[in-house]
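Quick notes on the structure that follows.
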Protein chains: 2
Amino acid sequence: MDVTSRYSISARRMSRSIIRELLKLTNKKGLVSFAGGLPYPGTFPAEELATITEGVLKEEPGLALQYSPTEGLPSLRENLRSFLEKRGFNCSTKELIVTSASQQSLDLVAKIFLDRGDLVVTENPSYLGAMSAFRSYGARFLAIEMDERGMRTAFLRERLAELKKTAGTGNEYYQNMPKFIYTIPDFQNPTGITMSMERRQELMEIAEEFDMIIVEDVPYRWLRYSGEEYPMLSAMDRQNRVIGLFTFSKILSPGMRLGWLTADERIMDKLVQAKQATDLCTSAFSQSIAERFISGGQIDVRIKRNIDIYRKKRDLMVGELKKNLEGLKGVEINEPSGGLFLWISLPEDIDTDELFIEAIDRNVAYVIGSAFFPNGGGHNTMRLNFSYPSEEEIVTGISRLSSLIRDRMEGRG
Amino acid sequence: MDVTSRYSISARRMSRSIIRELLKLTNKKGLVSFAGGLPYPGTFPAEELATITEGVLKEEPGLALQYSPTEGLPSLRENLRSFLEKRGFNCSTKELIVTSASQQSLDLVAKIFLDRGDLVVTENPSYLGAMSAFRSYGARFLAIEMDERGMRTAFLRERLAELKKTAGTGNEYYQNMPKFIYTIPDFQNPTGITMSMERRQELMEIAEEFDMIIVEDVPYRWLRYSGEEYPMLSAMDRQNRVIGLFTFSKILSPGMRLGWLTADERIMDKLVQAKQATDLCTSAFSQSIAERFISGGQIDVRIKRNIDIYRKKRDLMVGELKKNLEGLKGVEINEPSGGLFLWISLPEDIDTDELFIEAIDRNVAYVIGSAFFPNGGGHNTMRLNFSYPSEEEIVTGISRLSSLIRDRMEGRG
């Protein structure tokens, strides 16, 4: 039976993610992998969750095991609203829904805004999962360069001004301009870079100037190990143009598949319709458990503990890299002030795609940086994850990776 | 800020589901609702789940609380394969993936096959959730009439033969013919009708003749209260043209958001790519719990218990309807041999959309049948759910509904 001739246009364009294929190579005994993006299992509050689950199943099985409203359980939505309020962002529960984690939020946003050929602004590089969600609706990317202060908003303004010239007016304008600006302002994936206060302000101004929507993805925001905290774009927003994507994956457990999303009430109405067609509702079981985890205050305790665990790992990885790569010209290590990832740039002539195979031979893995550039480029970069490996693995793996880089740069690799 | 001019074409066409809006009216004190489609909370195995969850969180928290493969946990996939094998359908684990319940399966199937304007064959009437998933990708419907033996396959053959005349050949043929045939062969939603053996055979022949894919949705199959069991289309399939959609929602709990899907390996590859862009993976927490629930044999015990509970409710509702509506000409009650729903046809001149408001006044609710007809019609029909209401509610509610119908038919309502 011929199957491919039946596929939709978007299905024909889909392919298995490069990272996914490369990750298969890392299932090798003795290999230290910095390639994943997993939280450290030691951060999972298994005992607390067991106690909470017992209570949920004893006290409200009819709620936790039943279908639930598409918007999420009202009690959880209220708790999430209050979680955000304590952290400087006020919204109403009507502007907040529960989702089956941030990948679903990305899919829903794409579903309601994107038609084939539509433009989306992203940072360059950007999060792979977001790009594949947007691509599955046929998006093209206007990828804006970054520096150590985040997206280079001056470039964004220039590019939008150019586009505006031929975008027309009214409906046509909105359909021809990028549908939204996608950004991860805090400890970005993959670069670990945090957007400065000035850039945040400029981004908000640009959004007003060109009447654009911003999608702010903040999966790592609560995991800050050093540096200054800047307000969320969602909190700076005075015109309801920011859609906020939040997740439990990095502060409770990715295995619960639980996130939430904030948006203008009118946009929310459309997102709820889209969610209904996509999965009816998010697990009431996970929701009931998460609600008690927040209302009981365990979430705050956990976040603090996780920060301590991850700060150590970051410090160790940065320290080992600096020690091992000292004196190599053209090697830049981006030290993140939070999150899960660290970014390395090598001299232009070193191709990390090529280097990857050799790294596997030497029992260490990273993600090739080029995978994160929507329109190509970045062939001299790599992403390292420091949250999942043990301290011992970090020392061993960085030593292997550093000697590989050193050998290659000194013409021996 | 103008939001609507930014929406995608499919988002502009989305609307809140009629059922959802009507259900809001049923939140009235003292009202008996037959309008939902919820399992009876008394069927939820809360205690067993509490014990299992404790074990999961003690013995494998690093698995249950972590990201998991997009295809699902290998151990659960193997258990599901064996669950199906025991029930007469052999497939390999490579042909089986875990999904976040059947609404997601419907969304994924739609995503990989449907472009705007594509045709999908459905029964007439059909499941609302499937129609909204397909519609969200721009599907049009070729809805085939049913009788008491299911989809009228002779009509289907005629319609396909007509379409074939102008469908062209090669790629064009597959793009112009309906992308797949969607069917719920067992205790269909909304009619409760089961497809006869002859019709199943004819449907398989038609699929071969026109080289079509069948999507078989069997959420209720394991809940049979009487009558003969026919093989699944998936089991009759010799050419890998059936995609099977299965769910835990009616045999364990809808609150876990867990289902599974079987398909040809090549199609599966595409579905996995689509799932990755949609939600990365299904909850490992729910999966780990479900796996133990199957491997420990509790699922078989539970299904038997649920059958006993639901058979009683069905018998009661059917009995009350027959008693109360006896002698009314043109009233047809379809007695289902399984599932959750019962279907009533009234004489042509009685409009159940209109009648609904009066029913709410009399403190009883149903779903208007017209909601289930993708291309209109069915204005003299209604769907009743017997799984959720208590026995007392069934007696009271059917008495109210029957006197309303009687009054209307005798010119008093």
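Chain labels run A, B, ... following the order of the structure tokens; each chain numbers its residues from 1, and ligands are numbered from 1 in the order shown.
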
For this session: Quick one: everything within 10 Å of range 37-40 of chain A, counting only C-alpha atoms, minus sequence neighbours fewer than 6 positions away in the same chain. Send it as a PyMOL selection string.
Result: (chain A and resi 189-190+249-254+306+309-310+340-341+367+383-390) or (chain B and resi 62+65-67)

Please write the residues from the selection above to a file, keeping N, CA and C atoms, as a tab-separated table (two decimals), in the first residue's frame.
chain	number	residue	atom	x	y	z
A	189	ASN	N	17.19	28.70	25.80
A	189	ASN	CA	17.57	27.43	25.19
A	189	ASN	C	17.77	27.73	23.71
A	190	PRO	N	18.94	27.56	23.14
A	190	PRO	CA	20.10	26.83	23.65
A	190	PRO	C	21.21	27.66	24.29
A	249	SER	N	7.61	21.30	34.11
A	249	SER	CA	8.61	20.29	33.76
A	249	SER	C	9.94	20.49	34.47
A	250	LYS	N	10.34	21.73	34.69
A	250	LYS	CA	11.64	21.97	35.29
A	250	LYS	C	11.57	22.29	36.78
A	251	ILE	N	10.36	22.42	37.34
A	251	ILE	CA	10.29	22.73	38.77
A	251	ILE	C	9.57	21.64	39.56
A	252	LEU	N	8.87	20.72	38.89
A	252	LEU	CA	8.21	19.63	39.61
A	252	LEU	C	8.61	18.31	38.93
A	253	SER	N	8.11	18.09	37.72
A	253	SER	CA	8.44	16.87	36.98
A	253	SER	C	7.92	16.95	35.56
A	254	PRO	N	8.78	16.61	34.58
A	254	PRO	CA	8.29	16.58	33.20
A	254	PRO	C	7.35	15.41	32.96
A	306	ASN	N	16.21	22.85	44.24
A	306	ASN	CA	16.69	22.60	42.88
A	306	ASN	C	17.74	23.63	42.47
A	309	ILE	N	21.04	22.60	43.89
A	309	ILE	CA	21.60	21.44	43.15
A	309	ILE	C	22.18	21.88	41.81
A	310	TYR	N	21.40	22.67	41.06
A	310	TYR	CA	21.82	23.05	39.72
A	310	TYR	C	22.94	24.09	39.72
A	340	LEU	N	19.34	25.32	32.27
A	340	LEU	CA	19.93	23.99	32.16
A	340	LEU	C	21.09	23.91	31.18
A	341	PHE	N	21.32	25.00	30.41
A	341	PHE	CA	22.23	24.87	29.28
A	341	PHE	C	23.36	25.90	29.27
A	367	VAL	N	25.02	18.67	21.88
A	367	VAL	CA	24.14	18.89	20.73
A	367	VAL	C	24.81	19.86	19.78
A	383	ARG	N	25.78	23.00	22.23
A	383	ARG	CA	25.04	23.19	23.49
A	383	ARG	C	25.39	22.06	24.44
A	384	LEU	N	25.67	22.45	25.68
A	384	LEU	CA	25.93	21.45	26.72
A	384	LEU	C	24.86	21.54	27.81
A	385	ASN	N	24.40	20.40	28.24
A	385	ASN	CA	23.44	20.36	29.35
A	385	ASN	C	24.17	19.99	30.62
A	386	PHE	N	23.94	20.78	31.70
A	386	PHE	CA	24.63	20.47	32.95
A	386	PHE	C	23.67	19.98	34.04
A	387	SER	N	22.35	19.93	33.74
A	387	SER	CA	21.41	19.56	34.80
A	387	SER	C	21.37	18.06	35.06
A	388	TYR	N	21.49	17.26	34.00
A	388	TYR	CA	21.28	15.82	34.14
A	388	TYR	C	22.51	15.02	34.60
A	389	PRO	N	23.69	15.27	34.02
A	389	PRO	CA	24.84	14.45	34.41
A	389	PRO	C	25.24	14.64	35.88
A	390	SER	N	25.84	13.62	36.45
A	390	SER	CA	26.34	13.71	37.83
A	390	SER	C	27.61	14.56	37.84
B	62	GLY	N	12.49	7.83	38.97
B	62	GLY	CA	13.32	8.42	37.91
B	62	GLY	C	12.75	8.16	36.52
B	65	LEU	N	8.68	10.11	36.62
B	65	LEU	CA	8.60	11.57	36.71
B	65	LEU	C	9.45	12.27	35.65
B	66	GLN	N	10.06	11.48	34.77
B	66	GLN	CA	10.96	12.03	33.74
B	66	GLN	C	10.26	12.11	32.38
B	67	TYR	N	10.87	12.82	31.43
B	67	TYR	CA	10.42	12.74	30.03
B	67	TYR	C	10.49	11.27	29.61

List every residue of chain B that has an atom at most 6 Å from any atom of chain A, and for each one report the closest atom pair and its distance in Å to one decimal, counting only C-alpha atoms, with rows sorted by chain and then by increasing residue number, as CSV.
residue,atom,partner,partner_atom,distance
B:Ser5,CA,A:Asn171,CA,5.2
B:Arg6,CA,A:Tyr174,CA,5.4
B:Tyr7,CA,A:Phe113,CA,4.5
B:Ser8,CA,A:Phe113,CA,4.5
B:Ala11,CA,A:Ile112,CA,4.8
B:Arg16,CA,A:Gln273,CA,5.9
B:Pro41,CA,A:Gly62,CA,5.3
B:Ala46,CA,A:Leu57,CA,5.6
B:Ala50,CA,A:Glu54,CA,5.6
B:Glu54,CA,A:Ala50,CA,5.6
B:Leu57,CA,A:Ala46,CA,5.6
B:Gly62,CA,A:Pro41,CA,5.3
B:Ala64,CA,A:Gly255,CA,5.9
B:Leu65,CA,A:Gly255,CA,4.0
B:Gln66,CA,A:Gly255,CA,4.5
B:Tyr67,CA,A:Gly255,CA,5.3
B:Gln103,CA,A:Asp279,CA,4.9
B:Gln104,CA,A:Asp279,CA,4.9
B:Asp107,CA,A:Thr278,CA,5.6
B:Ile112,CA,A:Ala11,CA,4.8
B:Phe113,CA,A:Tyr7,CA,4.5
B:Leu114,CA,A:Ser8,CA,5.1
B:Asp115,CA,A:Ser8,CA,5.4
B:Ser132,CA,A:Ala277,CA,5.6
B:Ala133,CA,A:Ala277,CA,4.7
B:Asn171,CA,A:Ser5,CA,5.2
B:Tyr174,CA,A:Arg6,CA,5.4
B:Ser253,CA,A:Leu65,CA,5.3
B:Pro254,CA,A:Gln66,CA,5.3
B:Gly255,CA,A:Leu65,CA,4.0
B:Met256,CA,A:Ser283,CA,5.3
B:Arg257,CA,A:Ser283,CA,5.4
B:Gln273,CA,A:Arg16,CA,5.9
B:Ala277,CA,A:Ala133,CA,4.7
B:Thr278,CA,A:Asp107,CA,5.6
B:Asp279,CA,A:Gln103,CA,4.9
B:Ser283,CA,A:Gly255,CA,5.1
B:Ala284,CA,A:Gly255,CA,4.9
B:Phe285,CA,A:Gly255,CA,5.5

Serialized selection, N, CA and C atoms, as an mmCIF file, in the first residue's frame:
data_model
loop_
_atom_site.group_PDB
_atom_site.id
_atom_site.type_symbol
_atom_site.label_atom_id
_atom_site.label_comp_id
_atom_site.auth_asym_id
_atom_site.auth_seq_id
_atom_site.Cartn_x
_atom_site.Cartn_y
_atom_site.Cartn_z
ATOM 1 N N SER B 5 -7.791 39.543 13.138
ATOM 2 C CA SER B 5 -7.141 39.600 11.821
ATOM 3 C C SER B 5 -5.834 38.840 11.787
ATOM 4 N N ARG B 6 -5.366 38.403 12.955
ATOM 5 C CA ARG B 6 -4.097 37.667 12.991
ATOM 6 C C ARG B 6 -4.323 36.157 12.918
ATOM 7 N N TYR B 7 -5.545 35.716 13.121
ATOM 8 C CA TYR B 7 -5.790 34.274 13.239
ATOM 9 C C TYR B 7 -5.518 33.511 11.950
ATOM 10 N N SER B 8 -5.213 32.226 12.119
ATOM 11 C CA SER B 8 -5.078 31.320 10.979
ATOM 12 C C SER B 8 -6.468 31.048 10.411
ATOM 13 N N ALA B 11 -8.382 28.717 12.623
ATOM 14 C CA ALA B 11 -8.844 29.338 13.871
ATOM 15 C C ALA B 11 -10.087 30.193 13.631
ATOM 16 N N ARG B 16 -16.965 27.529 19.481
ATOM 17 C CA ARG B 16 -17.189 26.712 20.675
ATOM 18 C C ARG B 16 -18.174 25.612 20.309
ATOM 19 N N PRO B 41 -18.396 7.550 38.156
ATOM 20 C CA PRO B 41 -17.245 7.622 39.061
ATOM 21 C C PRO B 41 -17.100 6.361 39.919
ATOM 22 N N ALA B 46 -10.007 3.770 42.582
ATOM 23 C CA ALA B 46 -9.160 4.704 43.330
ATOM 24 C C ALA B 46 -8.188 3.992 44.277
ATOM 25 N N ALA B 50 -4.123 3.999 44.129
ATOM 26 C CA ALA B 50 -3.305 4.566 45.206
ATOM 27 C C ALA B 50 -2.166 3.613 45.543
ATOM 28 N N GLU B 54 1.864 4.371 44.772
ATOM 29 C CA GLU B 54 2.865 4.325 45.839
ATOM 30 C C GLU B 54 4.061 3.476 45.384
ATOM 31 N N LEU B 57 6.140 5.276 42.617
ATOM 32 C CA LEU B 57 6.954 6.399 43.098
ATOM 33 C C LEU B 57 8.081 5.927 44.019
ATOM 34 N N GLY B 62 12.489 7.832 38.970
ATOM 35 C CA GLY B 62 13.317 8.423 37.910
ATOM 36 C C GLY B 62 12.746 8.157 36.524
ATOM 37 N N ALA B 64 9.140 7.416 36.119
ATOM 38 C CA ALA B 64 7.753 7.902 36.104
ATOM 39 C C ALA B 64 7.661 9.421 36.085
ATOM 40 N N LEU B 65 8.681 10.107 36.616
ATOM 41 C CA LEU B 65 8.600 11.567 36.709
ATOM 42 C C LEU B 65 9.454 12.267 35.648
ATOM 43 N N GLN B 66 10.056 11.485 34.767
ATOM 44 C CA GLN B 66 10.956 12.030 33.745
ATOM 45 C C GLN B 66 10.256 12.112 32.380
ATOM 46 N N TYR B 67 10.865 12.824 31.426
ATOM 47 C CA TYR B 67 10.421 12.736 30.034
ATOM 48 C C TYR B 67 10.490 11.270 29.608
ATOM 49 N N GLN B 103 -8.588 11.619 21.807
ATOM 50 C CA GLN B 103 -8.726 12.903 21.115
ATOM 51 C C GLN B 103 -7.381 13.281 20.497
ATOM 52 N N GLN B 104 -6.291 12.988 21.197
ATOM 53 C CA GLN B 104 -4.989 13.256 20.585
ATOM 54 C C GLN B 104 -4.752 12.351 19.385
ATOM 55 N N ASP B 107 -6.415 13.872 16.535
ATOM 56 C CA ASP B 107 -5.690 15.058 16.096
ATOM 57 C C ASP B 107 -4.464 14.665 15.277
ATOM 58 N N ILE B 112 -1.543 14.342 10.003
ATOM 59 C CA ILE B 112 -0.669 13.763 8.968
ATOM 60 C C ILE B 112 -1.394 13.519 7.648
ATOM 61 N N PHE B 113 -2.726 13.506 7.660
ATOM 62 C CA PHE B 113 -3.424 13.220 6.399
ATOM 63 C C PHE B 113 -4.173 14.403 5.784
ATOM 64 N N LEU B 114 -4.621 15.339 6.602
ATOM 65 C CA LEU B 114 -5.599 16.297 6.076
ATOM 66 C C LEU B 114 -5.045 17.666 5.715
ATOM 67 N N ASP B 115 -5.352 18.083 4.497
ATOM 68 C CA ASP B 115 -5.171 19.472 4.094
ATOM 69 C C ASP B 115 -6.558 20.074 3.907
ATOM 70 N N SER B 132 -14.634 17.630 15.129
ATOM 71 C CA SER B 132 -13.957 18.908 15.371
ATOM 72 C C SER B 132 -12.452 18.776 15.184
ATOM 73 N N ALA B 133 -11.887 17.594 15.516
ATOM 74 C CA ALA B 133 -10.455 17.394 15.230
ATOM 75 C C ALA B 133 -10.207 17.486 13.725
ATOM 76 N N ASN B 171 -0.688 9.942 -7.527
ATOM 77 C CA ASN B 171 -0.784 10.897 -6.414
ATOM 78 C C ASN B 171 -2.119 11.613 -6.358
ATOM 79 N N TYR B 174 -5.041 9.737 -4.776
ATOM 80 C CA TYR B 174 -5.064 9.699 -3.309
ATOM 81 C C TYR B 174 -5.420 11.050 -2.704
ATOM 82 N N SER B 253 -9.779 5.235 33.551
ATOM 83 C CA SER B 253 -10.134 6.588 33.990
ATOM 84 C C SER B 253 -9.807 7.592 32.908
ATOM 85 N N PRO B 254 -10.750 8.483 32.583
ATOM 86 C CA PRO B 254 -10.443 9.530 31.604
ATOM 87 C C PRO B 254 -9.487 10.576 32.174
ATOM 88 N N GLY B 255 -9.383 10.620 33.510
ATOM 89 C CA GLY B 255 -8.528 11.612 34.161
ATOM 90 C C GLY B 255 -7.049 11.345 33.960
ATOM 91 N N MET B 256 -6.692 10.125 33.505
ATOM 92 C CA MET B 256 -5.285 9.807 33.251
ATOM 93 C C MET B 256 -4.856 10.296 31.864
ATOM 94 N N ARG B 257 -5.792 10.569 30.976
ATOM 95 C CA ARG B 257 -5.501 10.988 29.590
ATOM 96 C C ARG B 257 -4.513 10.021 28.938
ATOM 97 N N GLN B 273 6.453 11.561 14.483
ATOM 98 C CA GLN B 273 6.981 12.897 14.202
ATOM 99 C C GLN B 273 5.951 13.973 14.557
ATOM 100 N N ALA B 277 6.011 17.011 17.769
ATOM 101 C CA ALA B 277 5.785 18.455 17.622
ATOM 102 C C ALA B 277 4.588 18.917 18.444
ATOM 103 N N THR B 278 3.734 17.976 18.849
ATOM 104 C CA THR B 278 2.475 18.321 19.497
ATOM 105 C C THR B 278 2.567 18.316 21.024
ATOM 106 N N ASP B 279 3.181 17.275 21.590
ATOM 107 C CA ASP B 279 3.325 17.258 23.060
ATOM 108 C C ASP B 279 4.570 16.518 23.559
ATOM 109 N N SER B 283 2.395 11.491 29.443
ATOM 110 C CA SER B 283 2.798 11.406 30.840
ATOM 111 C C SER B 283 3.382 10.036 31.209
ATOM 112 N N ALA B 284 4.649 10.021 31.619
ATOM 113 C CA ALA B 284 5.282 8.776 32.063
ATOM 114 C C ALA B 284 4.658 8.325 33.378
ATOM 115 N N PHE B 285 4.171 9.282 34.138
ATOM 116 C CA PHE B 285 3.531 8.995 35.422
ATOM 117 C C PHE B 285 2.275 8.157 35.180
#

Exercise. Which polymer residues have any atom within 8 Å of an atom of Ala365 in chain A, counting only C-alpha atoms, with same-chain residues fewer than 2 positions away left out, as a ChimeraX atom specification?
Worked result: /A:26,31-35,356,359-360,363,367

Exercise. Using only C-alpha atoms, which of B:Val301, B:Leu401, B:Met232, B:Cys91 sits nearest Leu321 in chain B?
Worked result: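 Smallest separation from Leu321 in chain B among the options: B:Leu401.
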
For this session: Take CA of Ala161 in chain B and CA of Val120 in chain B and report the distance between them in Å, one decimal.
Result: 15.1 Å

For this session: Compile the contact shell of range 342-348 of chain B as number ranges by chain: residues with an atom at most 10 Å away, counting only C-alpha atoms, same-chain residues fewer than 2 positions apart removed.
Result: B: 34, 187-193, 314, 317-318, 321, 328-340, 350-352, 367, 369, 378-386, 405, 409

Exercise. Pick from B:Ala143, B:Val121, B:Arg149, B:Gly397: nearest to Ala207 in chain B, with only C-alpha atoms counted?
Worked result: B:Val121

Exercise. So which bits of range 91-237 of chain B end up alpha helix (DSSP H) when you DSSP the backbone, as a ChimeraX atom specification?
Worked result: /B:102-113,128-135,153-165,170-176,197-209,233-236

For this session: Would you kindly return, as a ChimeraX atom specification, each protein, DNA or RNA residue with an atom no farther than 10 Å from any atom of Leu316 in chain B, considering only C-alpha atoms and excluding same-chain residues fewer than 4 positions away?
Result: /B:310-312,320-322,386,391-392,394-395,398
